[in-house]
Amino acid sequence: MPAIACDVTVLEHQRLTDTIRLMTVNWPRRDMPPKAGQFFMLRCWPADVAPVLSRPISLHSYDPAMGTVQFLYEVRGKGTEKLAALEPGGTLSLVGPSGNGFDLAAAQGKKVALVGGGIGTAPLYQLAKELCAAGTKPDYYCGFRDEPYGVEKFAPLCGKVQLATDSGRFGFHGFVTQLLRPEEYDLVLCCGPEPMMRAVAALCEEKGTACQVSLERKMACGIGACLGCTCHTSTGGRCVCKEGPVFDSKEVFGA
Ligand code: FES
């Protein structure tokens, strides 16, 4: 289904930590339900005002009953600073939903682990909801530098919930990859910093466990037109925005 452009209204905007925000907006197209791993291009400033590019932000949660979508994002530049300044009642321009999302058919009847790092945990909440609704209760492994966010709401949707922090102030002191045993799973679904995803992919490959990863790239058009977000894969260059952002880990991180 092609992405659409529309203006939506900010219904709620919460500050979870110094740099993490949770924004809820109305989604007027119930006939176009966004799915886990897809993203939207967000903008709340005029086209002739910097920054030039809209911000790609992944879907955190879609609530079909309420007709709302949520974005969990990190404030780390001019664009997200402008987004963070939006108050409830403010208008946000969206283009989306874009991208392929996670392949849930591959998870049917399987033992599944979700592995997230930092703001890369954002799309995993919608993913946990969709898996749960399809009868698969995943385990959840998450890693943060220090203060975690959004972990508690995974508990009702997941079996095991394992937390690691670099600081050691919360959960296991170390990397989330030290907690994961891929041999216990048929499929690992992963989103986070690229070094973490590469490490997860390598562990999965070693143990013969299938792994999907969600890549992050700077994006200009977000619809496959500018070729600015190309990544190298085993079958050649592919657009992260249109042909991803979710790929089989062997395609993008394979030897
Ligand atoms: Fe333009 Fe992906 S951002 S092709």
# chains A, B, ... in the order shown; residues from 1 in each chain; ligands from 1
call {"tool": "residues_near_ligand", "arguments": {"ligand": "ligand 1", "cutoff": "10 Å", "atoms": "only C-alpha atoms and all ligand atoms", "output": "PyMOL selection string"}}
result
chain A and resi 41+53+56+99+217-231+238-245
call {"tool": "write_last_selection", "arguments": {"atoms": "N, CA and C atoms", "output": "mmCIF file, in the first residue's frame"}}
result
data_model
loop_
_atom_site.group_PDB
_atom_site.id
_atom_site.type_symbol
_atom_site.label_atom_id
_atom_site.label_comp_id
_atom_site.auth_asym_id
_atom_site.auth_seq_id
_atom_site.Cartn_x
_atom_site.Cartn_y
_atom_site.Cartn_z
ATOM 1 N N MET A 41 7.636 9.765 7.742
ATOM 2 C CA MET A 41 8.440 10.986 7.675
ATOM 3 C C MET A 41 7.650 12.069 8.408
ATOM 4 N N LEU A 53 15.298 18.394 5.477
ATOM 5 C CA LEU A 53 14.706 17.055 5.445
ATOM 6 C C LEU A 53 13.736 16.809 6.595
ATOM 7 N N PRO A 56 12.657 10.743 9.633
ATOM 8 C CA PRO A 56 12.041 9.407 9.623
ATOM 9 C C PRO A 56 11.951 8.866 11.044
ATOM 10 N N GLY A 99 7.913 1.647 4.041
ATOM 11 C CA GLY A 99 8.814 0.525 4.330
ATOM 12 C C GLY A 99 8.058 -0.784 4.456
ATOM 13 N N ARG A 217 18.929 4.745 8.389
ATOM 14 C CA ARG A 217 19.725 5.551 7.464
ATOM 15 C C ARG A 217 19.175 6.962 7.445
ATOM 16 N N LYS A 218 20.021 7.931 7.089
ATOM 17 C CA LYS A 218 19.514 9.274 6.819
ATOM 18 C C LYS A 218 18.622 9.174 5.579
ATOM 19 N N MET A 219 17.490 9.841 5.617
ATOM 20 C CA MET A 219 16.561 9.745 4.495
ATOM 21 C C MET A 219 16.151 11.120 4.007
ATOM 22 N N ALA A 220 16.042 11.250 2.684
ATOM 23 C CA ALA A 220 15.591 12.518 2.099
ATOM 24 C C ALA A 220 14.127 12.408 1.682
ATOM 25 N N CYS A 221 13.861 11.528 0.686
ATOM 26 C CA CYS A 221 12.480 11.442 0.176
ATOM 27 C C CYS A 221 11.648 10.458 0.997
ATOM 28 N N GLY A 222 12.247 9.361 1.419
ATOM 29 C CA GLY A 222 11.516 8.353 2.198
ATOM 30 C C GLY A 222 10.608 7.474 1.358
ATOM 31 N N ILE A 223 10.650 7.611 0.031
ATOM 32 C CA ILE A 223 9.744 6.830 -0.824
ATOM 33 C C ILE A 223 10.473 6.138 -1.985
ATOM 34 N N GLY A 224 11.789 6.032 -1.883
ATOM 35 C CA GLY A 224 12.532 5.288 -2.909
ATOM 36 C C GLY A 224 12.883 6.092 -4.146
ATOM 37 N N ALA A 225 12.791 7.416 -4.068
ATOM 38 C CA ALA A 225 13.013 8.230 -5.273
ATOM 39 C C ALA A 225 14.428 8.803 -5.375
ATOM 40 N N CYS A 226 15.092 9.063 -4.257
ATOM 41 C CA CYS A 226 16.357 9.806 -4.325
ATOM 42 C C CYS A 226 17.600 8.912 -4.248
ATOM 43 N N LEU A 227 17.433 7.667 -3.861
ATOM 44 C CA LEU A 227 18.516 6.688 -3.690
ATOM 45 C C LEU A 227 19.545 7.124 -2.644
ATOM 46 N N GLY A 228 19.127 8.017 -1.762
ATOM 47 C CA GLY A 228 20.045 8.528 -0.748
ATOM 48 C C GLY A 228 20.217 7.606 0.450
ATOM 49 N N CYS A 229 19.435 6.547 0.516
ATOM 50 C CA CYS A 229 19.469 5.701 1.723
ATOM 51 C C CYS A 229 19.917 4.291 1.397
ATOM 52 N N THR A 230 20.650 4.145 0.285
ATOM 53 C CA THR A 230 21.025 2.796 -0.177
ATOM 54 C C THR A 230 21.933 2.081 0.828
ATOM 55 N N CYS A 231 21.694 0.796 0.982
ATOM 56 C CA CYS A 231 22.621 -0.021 1.785
ATOM 57 C C CYS A 231 23.109 -1.167 0.913
ATOM 58 N N ARG A 238 20.345 -1.673 -2.064
ATOM 59 C CA ARG A 238 18.881 -1.591 -1.925
ATOM 60 C C ARG A 238 18.513 -0.391 -1.080
ATOM 61 N N CYS A 239 17.361 0.196 -1.401
ATOM 62 C CA CYS A 239 16.872 1.365 -0.654
ATOM 63 C C CYS A 239 16.352 0.925 0.702
ATOM 64 N N VAL A 240 16.873 1.511 1.755
ATOM 65 C CA VAL A 240 16.392 1.172 3.098
ATOM 66 C C VAL A 240 14.947 1.636 3.268
ATOM 67 N N CYS A 241 14.615 2.796 2.674
ATOM 68 C CA CYS A 241 13.271 3.345 2.910
ATOM 69 C C CYS A 241 12.186 2.539 2.210
ATOM 70 N N LYS A 242 12.474 2.022 1.024
ATOM 71 C CA LYS A 242 11.430 1.345 0.264
ATOM 72 C C LYS A 242 11.524 -0.170 0.359
ATOM 73 N N GLU A 243 12.765 -0.700 0.312
ATOM 74 C CA GLU A 243 12.935 -2.160 0.327
ATOM 75 C C GLU A 243 13.235 -2.670 1.736
ATOM 76 N N GLY A 244 13.507 -1.801 2.641
ATOM 77 C CA GLY A 244 13.682 -2.091 4.054
ATOM 78 C C GLY A 244 12.610 -1.329 4.795
ATOM 79 N N PRO A 245 12.837 -0.880 6.009
ATOM 80 C CA PRO A 245 14.134 -0.913 6.688
ATOM 81 C C PRO A 245 14.489 -2.272 7.282
#
call {"tool": "residues_around", "arguments": {"residues": "Met197 in chain A", "least_positions_apart": "5", "cutoff": "9 Å", "atoms": "only C-alpha atoms", "output": "list in words"}}
result
Val115, Gly116, Gly117, Cys190, Cys191, Gly192, Ala202, Val213, Ser214, Leu215, Ser249 and Phe253 of chain A
call {"tool": "write_last_selection", "arguments": {"atoms": "all heavy atoms", "output": "PDB file, in the first residue's frame"}}
result
ATOM      1  N   VAL A 115      15.098  -8.136  20.249  1.00  0.00           N
ATOM      2  CA  VAL A 115      16.308  -7.577  20.841  1.00  0.00           C
ATOM      3  C   VAL A 115      16.422  -6.114  20.422  1.00  0.00           C
ATOM      4  O   VAL A 115      16.463  -5.810  19.225  1.00  0.00           O
ATOM      5  CB  VAL A 115      17.570  -8.346  20.391  1.00  0.00           C
ATOM      6  CG1 VAL A 115      18.804  -7.784  21.090  1.00  0.00           C
ATOM      7  CG2 VAL A 115      17.429  -9.833  20.681  1.00  0.00           C
ATOM      8  N   GLY A 116      16.454  -5.224  21.407  1.00  0.00           N
ATOM      9  CA  GLY A 116      16.497  -3.799  21.088  1.00  0.00           C
ATOM     10  C   GLY A 116      17.571  -3.080  21.878  1.00  0.00           C
ATOM     11  O   GLY A 116      17.908  -3.455  23.003  1.00  0.00           O
ATOM     12  N   GLY A 117      18.092  -2.025  21.262  1.00  0.00           N
ATOM     13  CA  GLY A 117      19.088  -1.206  21.945  1.00  0.00           C
ATOM     14  C   GLY A 117      18.698   0.252  21.875  1.00  0.00           C
ATOM     15  O   GLY A 117      18.433   0.784  20.783  1.00  0.00           O
ATOM     16  N   CYS A 190      15.406  -7.734  15.533  1.00  0.00           N
ATOM     17  CA  CYS A 190      16.350  -6.849  16.221  1.00  0.00           C
ATOM     18  C   CYS A 190      16.321  -5.427  15.670  1.00  0.00           C
ATOM     19  O   CYS A 190      16.219  -5.219  14.462  1.00  0.00           O
ATOM     20  CB  CYS A 190      17.741  -7.466  16.012  1.00  0.00           C
ATOM     21  SG  CYS A 190      19.075  -6.567  16.783  1.00  0.00           S
ATOM     22  N   CYS A 191      16.440  -4.443  16.562  1.00  0.00           N
ATOM     23  CA  CYS A 191      16.579  -3.050  16.139  1.00  0.00           C
ATOM     24  C   CYS A 191      17.403  -2.300  17.182  1.00  0.00           C
ATOM     25  O   CYS A 191      17.144  -2.387  18.386  1.00  0.00           O
ATOM     26  CB  CYS A 191      15.199  -2.398  16.003  1.00  0.00           C
ATOM     27  SG  CYS A 191      15.275  -0.723  15.341  1.00  0.00           S
ATOM     28  N   GLY A 192      18.405  -1.573  16.708  1.00  0.00           N
ATOM     29  CA  GLY A 192      19.249  -0.826  17.641  1.00  0.00           C
ATOM     30  C   GLY A 192      20.447  -0.274  16.901  1.00  0.00           C
ATOM     31  O   GLY A 192      20.474  -0.250  15.663  1.00  0.00           O
ATOM     32  N   ALA A 202      25.702 -11.888  14.187  1.00  0.00           N
ATOM     33  CA  ALA A 202      26.813 -12.854  14.207  1.00  0.00           C
ATOM     34  C   ALA A 202      26.505 -14.003  15.165  1.00  0.00           C
ATOM     35  O   ALA A 202      26.756 -15.176  14.851  1.00  0.00           O
ATOM     36  CB  ALA A 202      28.109 -12.142  14.609  1.00  0.00           C
ATOM     37  N   VAL A 213      16.808  -7.677  10.918  1.00  0.00           N
ATOM     38  CA  VAL A 213      17.300  -6.437  11.530  1.00  0.00           C
ATOM     39  C   VAL A 213      16.642  -5.235  10.848  1.00  0.00           C
ATOM     40  O   VAL A 213      16.367  -5.262   9.650  1.00  0.00           O
ATOM     41  CB  VAL A 213      18.839  -6.308  11.417  1.00  0.00           C
ATOM     42  CG1 VAL A 213      19.529  -7.375  12.253  1.00  0.00           C
ATOM     43  CG2 VAL A 213      19.302  -6.400   9.962  1.00  0.00           C
ATOM     44  N   SER A 214      16.405  -4.190  11.626  1.00  0.00           N
ATOM     45  CA  SER A 214      15.816  -2.971  11.074  1.00  0.00           C
ATOM     46  C   SER A 214      16.909  -1.908  11.002  1.00  0.00           C
ATOM     47  O   SER A 214      17.433  -1.468  12.027  1.00  0.00           O
ATOM     48  CB  SER A 214      14.668  -2.491  11.967  1.00  0.00           C
ATOM     49  OG  SER A 214      14.109  -1.317  11.422  1.00  0.00           O
ATOM     50  N   LEU A 215      17.253  -1.509   9.783  1.00  0.00           N
ATOM     51  CA  LEU A 215      18.357  -0.556   9.584  1.00  0.00           C
ATOM     52  C   LEU A 215      17.884   0.886   9.718  1.00  0.00           C
ATOM     53  O   LEU A 215      16.736   1.213   9.407  1.00  0.00           O
ATOM     54  CB  LEU A 215      18.981  -0.730   8.209  1.00  0.00           C
ATOM     55  CG  LEU A 215      19.598  -2.077   7.865  1.00  0.00           C
ATOM     56  CD1 LEU A 215      20.343  -1.972   6.541  1.00  0.00           C
ATOM     57  CD2 LEU A 215      20.541  -2.574   8.953  1.00  0.00           C
ATOM     58  N   SER A 249      19.196 -10.587   8.291  1.00  0.00           N
ATOM     59  CA  SER A 249      20.528 -10.137   8.715  1.00  0.00           C
ATOM     60  C   SER A 249      21.630 -10.653   7.791  1.00  0.00           C
ATOM     61  O   SER A 249      22.638  -9.986   7.580  1.00  0.00           O
ATOM     62  CB  SER A 249      20.809 -10.554  10.161  1.00  0.00           C
ATOM     63  OG  SER A 249      20.862 -11.955  10.254  1.00  0.00           O
ATOM     64  N   PHE A 253      24.424  -8.154   6.737  1.00  0.00           N
ATOM     65  CA  PHE A 253      25.610  -8.286   7.589  1.00  0.00           C
ATOM     66  C   PHE A 253      26.356  -9.603   7.326  1.00  0.00           C
ATOM     67  O   PHE A 253      27.283  -9.938   8.061  1.00  0.00           O
ATOM     68  CB  PHE A 253      25.228  -8.260   9.072  1.00  0.00           C
ATOM     69  CG  PHE A 253      24.597  -6.980   9.523  1.00  0.00           C
ATOM     70  CD1 PHE A 253      23.630  -6.982  10.516  1.00  0.00           C
ATOM     71  CD2 PHE A 253      24.968  -5.753   8.982  1.00  0.00           C
ATOM     72  CE1 PHE A 253      23.047  -5.805  10.952  1.00  0.00           C
ATOM     73  CE2 PHE A 253      24.385  -4.570   9.406  1.00  0.00           C
ATOM     74  CZ  PHE A 253      23.419  -4.593  10.390  1.00  0.00           C
TER      75      PHE A 253
END
call {"tool": "select_by_dssp", "arguments": {"residues": "range 6-240 of chain A", "states": "strand (DSSP E or B)", "output": "count of residues only"}}
result
81
call {"tool": "residues_around", "arguments": {"residues": "range 137-148 of chain A", "least_positions_apart": "6", "cutoff": "6 Å", "atoms": "only C-alpha atoms", "output": "JSON, numbers by chain"}}
result
{"A": [112, 113, 114, 115, 116, 117, 118, 158, 159, 160, 161, 162, 163, 164, 165, 166, 167, 176]}
call {"tool": "select_by_dssp", "arguments": {"residues": "range 148-235 of chain A", "states": "helix (DSSP H, G or I)", "output": "tab-separated table (two decimals) with all heavy atoms, in the first residue's frame"}}
result
chain	number	residue	atom	x	y	z
A	152	GLU	N	8.53	-1.54	30.97
A	152	GLU	CA	7.45	-2.19	31.74
A	152	GLU	C	6.25	-2.59	30.88
A	152	GLU	O	5.59	-3.60	31.14
A	152	GLU	CB	7.01	-1.31	32.93
A	152	GLU	CG	6.40	0.04	32.60
A	152	GLU	CD	7.37	1.04	31.93
A	152	GLU	OE1	8.60	0.97	32.11
A	152	GLU	OE2	6.85	1.90	31.21
A	153	LYS	N	5.99	-1.85	29.81
A	153	LYS	CA	4.79	-2.19	29.03
A	153	LYS	C	4.96	-3.41	28.15
A	153	LYS	O	4.00	-3.90	27.58
A	153	LYS	CB	4.31	-0.98	28.23
A	153	LYS	CG	5.23	-0.43	27.22
A	153	LYS	CD	4.59	0.88	26.73
A	153	LYS	CE	5.36	1.48	25.61
A	153	LYS	NZ	4.81	2.76	25.22
A	154	PHE	N	6.19	-3.93	28.07
A	154	PHE	CA	6.40	-5.18	27.34
A	154	PHE	C	5.98	-6.40	28.18
A	154	PHE	O	5.70	-7.46	27.63
A	154	PHE	CB	7.87	-5.34	26.95
A	154	PHE	CG	8.28	-4.52	25.75
A	154	PHE	CD1	8.60	-3.18	25.89
A	154	PHE	CD2	8.32	-5.08	24.48
A	154	PHE	CE1	8.97	-2.41	24.80
A	154	PHE	CE2	8.69	-4.33	23.38
A	154	PHE	CZ	9.01	-2.99	23.53
A	155	ALA	N	5.96	-6.22	29.50
A	155	ALA	CA	5.73	-7.36	30.39
A	155	ALA	C	4.47	-8.16	30.06
A	155	ALA	O	4.51	-9.39	29.96
A	155	ALA	CB	5.73	-6.90	31.85
A	156	PRO	N	3.30	-7.51	29.86
A	156	PRO	CA	2.11	-8.31	29.56
A	156	PRO	C	2.13	-9.00	28.20
A	156	PRO	O	1.35	-9.92	27.96
A	156	PRO	CB	0.97	-7.28	29.61
A	156	PRO	CG	1.56	-5.95	29.82
A	156	PRO	CD	3.04	-6.07	29.96
A	157	LEU	N	3.01	-8.54	27.31
A	157	LEU	CA	3.03	-9.07	25.94
A	157	LEU	C	4.10	-10.14	25.74
A	157	LEU	O	4.10	-10.84	24.74
A	157	LEU	CB	3.32	-7.93	24.95
A	157	LEU	CG	2.37	-6.74	24.96
A	157	LEU	CD1	2.94	-5.60	24.14
A	157	LEU	CD2	1.02	-7.16	24.40
A	176	VAL	N	23.46	-6.21	26.03
A	176	VAL	CA	22.31	-7.11	25.89
A	176	VAL	C	22.72	-8.40	25.18
A	176	VAL	O	22.14	-9.46	25.40
A	176	VAL	CB	21.16	-6.35	25.17
A	176	VAL	CG1	21.48	-6.10	23.69
A	176	VAL	CG2	19.85	-7.06	25.32
A	177	THR	N	23.76	-8.30	24.34
A	177	THR	CA	24.23	-9.49	23.62
A	177	THR	C	24.81	-10.55	24.57
A	177	THR	O	24.92	-11.71	24.21
A	177	THR	CB	25.30	-9.10	22.59
A	177	THR	OG1	26.20	-8.18	23.19
A	177	THR	CG2	24.69	-8.45	21.36
A	178	GLN	N	25.18	-10.12	25.77
A	178	GLN	CA	25.69	-11.08	26.75
A	178	GLN	C	24.54	-11.89	27.39
A	178	GLN	O	24.78	-12.93	28.00
A	178	GLN	CB	26.48	-10.36	27.85
A	178	GLN	CG	27.76	-9.70	27.35
A	178	GLN	CD	28.39	-8.83	28.42
A	178	GLN	OE1	28.20	-7.61	28.46
A	178	GLN	NE2	29.14	-9.45	29.32
A	182	PRO	N	20.91	-17.21	21.34
A	182	PRO	CA	20.12	-17.42	20.12
A	182	PRO	C	19.70	-18.87	19.91
A	182	PRO	O	18.68	-19.14	19.26
A	182	PRO	CB	21.07	-16.99	18.99
A	182	PRO	CG	22.10	-16.16	19.65
A	182	PRO	CD	22.24	-16.65	21.05
A	183	GLU	N	20.47	-19.81	20.47
A	183	GLU	CA	20.13	-21.23	20.27
A	183	GLU	C	18.79	-21.58	20.94
A	183	GLU	O	18.21	-22.62	20.66
A	183	GLU	CB	21.25	-22.14	20.79
A	183	GLU	CG	21.58	-22.02	22.26
A	183	GLU	CD	22.64	-20.95	22.56
A	183	GLU	OE1	22.71	-19.94	21.81
A	183	GLU	OE2	23.38	-21.11	23.56
A	184	GLU	N	18.30	-20.70	21.81
A	184	GLU	CA	16.99	-20.94	22.45
A	184	GLU	C	15.84	-20.49	21.56
A	184	GLU	O	14.67	-20.65	21.93
A	184	GLU	CB	16.92	-20.19	23.79
A	184	GLU	CG	17.90	-20.71	24.82
A	184	GLU	CD	17.88	-19.88	26.11
A	184	GLU	OE1	17.05	-18.96	26.22
A	184	GLU	OE2	18.71	-20.17	26.99
A	194	GLU	N	23.90	-0.01	14.99
A	194	GLU	CA	24.40	-1.01	14.03
A	194	GLU	C	25.42	-1.98	14.63
A	194	GLU	O	25.36	-3.18	14.36
A	194	GLU	CB	24.94	-0.33	12.77
A	194	GLU	CG	25.05	-1.32	11.65
A	194	GLU	CD	24.98	-0.68	10.27
A	194	GLU	OE1	24.09	0.16	10.04
A	194	GLU	OE2	25.83	-1.04	9.44
A	195	PRO	N	26.37	-1.51	15.47
A	195	PRO	CA	27.32	-2.49	16.05
A	195	PRO	C	26.59	-3.57	16.87
A	195	PRO	O	26.98	-4.74	16.84
A	195	PRO	CB	28.21	-1.63	16.95
A	195	PRO	CG	28.09	-0.24	16.38
A	195	PRO	CD	26.70	-0.13	15.85
A	196	MET	N	25.54	-3.17	17.58
A	196	MET	CA	24.77	-4.14	18.36
A	196	MET	C	24.08	-5.13	17.44
A	196	MET	O	24.10	-6.35	17.67
A	196	MET	CB	23.73	-3.42	19.23
A	196	MET	CG	22.99	-4.34	20.17
A	196	MET	SD	21.31	-3.77	20.51
A	196	MET	CE	20.42	-4.50	19.16
A	197	MET	N	23.49	-4.62	16.36
A	197	MET	CA	22.77	-5.51	15.45
A	197	MET	C	23.74	-6.47	14.75
A	197	MET	O	23.42	-7.64	14.53
A	197	MET	CB	21.97	-4.70	14.43
A	197	MET	CG	20.80	-3.97	15.07
A	197	MET	SD	19.55	-3.45	13.87
A	197	MET	CE	20.43	-2.19	12.98
A	198	ARG	N	24.93	-5.96	14.42
A	198	ARG	CA	25.93	-6.84	13.80
A	198	ARG	C	26.33	-7.96	14.78
A	198	ARG	O	26.50	-9.11	14.38
A	198	ARG	CB	27.18	-6.05	13.42
A	198	ARG	CG	27.02	-5.25	12.16
A	198	ARG	CD	28.31	-4.53	11.77
A	198	ARG	NE	28.11	-3.71	10.61
A	198	ARG	CZ	28.15	-4.15	9.35
A	198	ARG	NH1	28.45	-5.42	9.12
A	198	ARG	NH2	27.93	-3.34	8.34
A	199	ALA	N	26.47	-7.59	16.05
A	199	ALA	CA	26.85	-8.59	17.06
A	199	ALA	C	25.72	-9.62	17.23
A	199	ALA	O	25.98	-10.83	17.31
A	199	ALA	CB	27.14	-7.91	18.40
A	200	VAL	N	24.48	-9.16	17.26
A	200	VAL	CA	23.33	-10.08	17.38
A	200	VAL	C	23.28	-10.98	16.15
A	200	VAL	O	23.09	-12.20	16.27
A	200	VAL	CB	22.02	-9.28	17.54
A	200	VAL	CG1	20.80	-10.21	17.41
A	200	VAL	CG2	21.99	-8.56	18.89
A	201	ALA	N	23.47	-10.39	14.96
A	201	ALA	CA	23.42	-11.17	13.72
A	201	ALA	C	24.50	-12.24	13.71
A	201	ALA	O	24.27	-13.38	13.28
A	201	ALA	CB	23.57	-10.24	12.52
A	202	ALA	N	25.70	-11.89	14.19
A	202	ALA	CA	26.81	-12.85	14.21
A	202	ALA	C	26.51	-14.00	15.16
A	202	ALA	O	26.76	-15.18	14.85
A	202	ALA	CB	28.11	-12.14	14.61
A	203	LEU	N	25.95	-13.68	16.33
A	203	LEU	CA	25.58	-14.73	17.29
A	203	LEU	C	24.53	-15.66	16.69
A	203	LEU	O	24.60	-16.88	16.84
A	203	LEU	CB	25.01	-14.11	18.57
A	203	LEU	CG	25.97	-13.41	19.53
A	203	LEU	CD1	25.20	-12.71	20.64
A	203	LEU	CD2	26.95	-14.43	20.12
A	204	CYS	N	23.55	-15.07	16.00
A	204	CYS	CA	22.48	-15.86	15.39
A	204	CYS	C	23.03	-16.75	14.29
A	204	CYS	O	22.66	-17.92	14.18
A	204	CYS	CB	21.38	-14.94	14.83
A	204	CYS	SG	20.39	-14.18	16.12
A	205	GLU	N	23.91	-16.19	13.49
A	205	GLU	CA	24.49	-16.98	12.39
A	205	GLU	C	25.26	-18.17	12.94
A	205	GLU	O	25.15	-19.29	12.45
A	205	GLU	CB	25.40	-16.08	11.54
A	205	GLU	CG	25.99	-16.83	10.39
A	205	GLU	CD	26.13	-16.00	9.11
A	205	GLU	OE1	26.05	-14.77	9.21
A	205	GLU	OE2	26.33	-16.61	8.06
A	206	GLU	N	26.01	-17.92	14.00
A	206	GLU	CA	26.81	-18.99	14.63
A	206	GLU	C	25.93	-20.14	15.11
A	206	GLU	O	26.30	-21.29	15.04
A	206	GLU	CB	27.53	-18.34	15.82
A	206	GLU	CG	28.68	-19.10	16.39
A	206	GLU	CD	29.18	-18.36	17.64
A	206	GLU	OE1	29.51	-17.16	17.53
A	206	GLU	OE2	29.18	-18.97	18.73
A	207	LYS	N	24.73	-19.77	15.61
A	207	LYS	CA	23.85	-20.80	16.19
A	207	LYS	C	22.77	-21.26	15.21
A	207	LYS	O	21.88	-22.04	15.57
A	207	LYS	CB	23.17	-20.26	17.46
A	207	LYS	CG	24.13	-19.82	18.54
A	207	LYS	CD	24.95	-20.99	19.08
A	207	LYS	CE	25.90	-20.52	20.17
A	207	LYS	NZ	26.82	-21.57	20.61
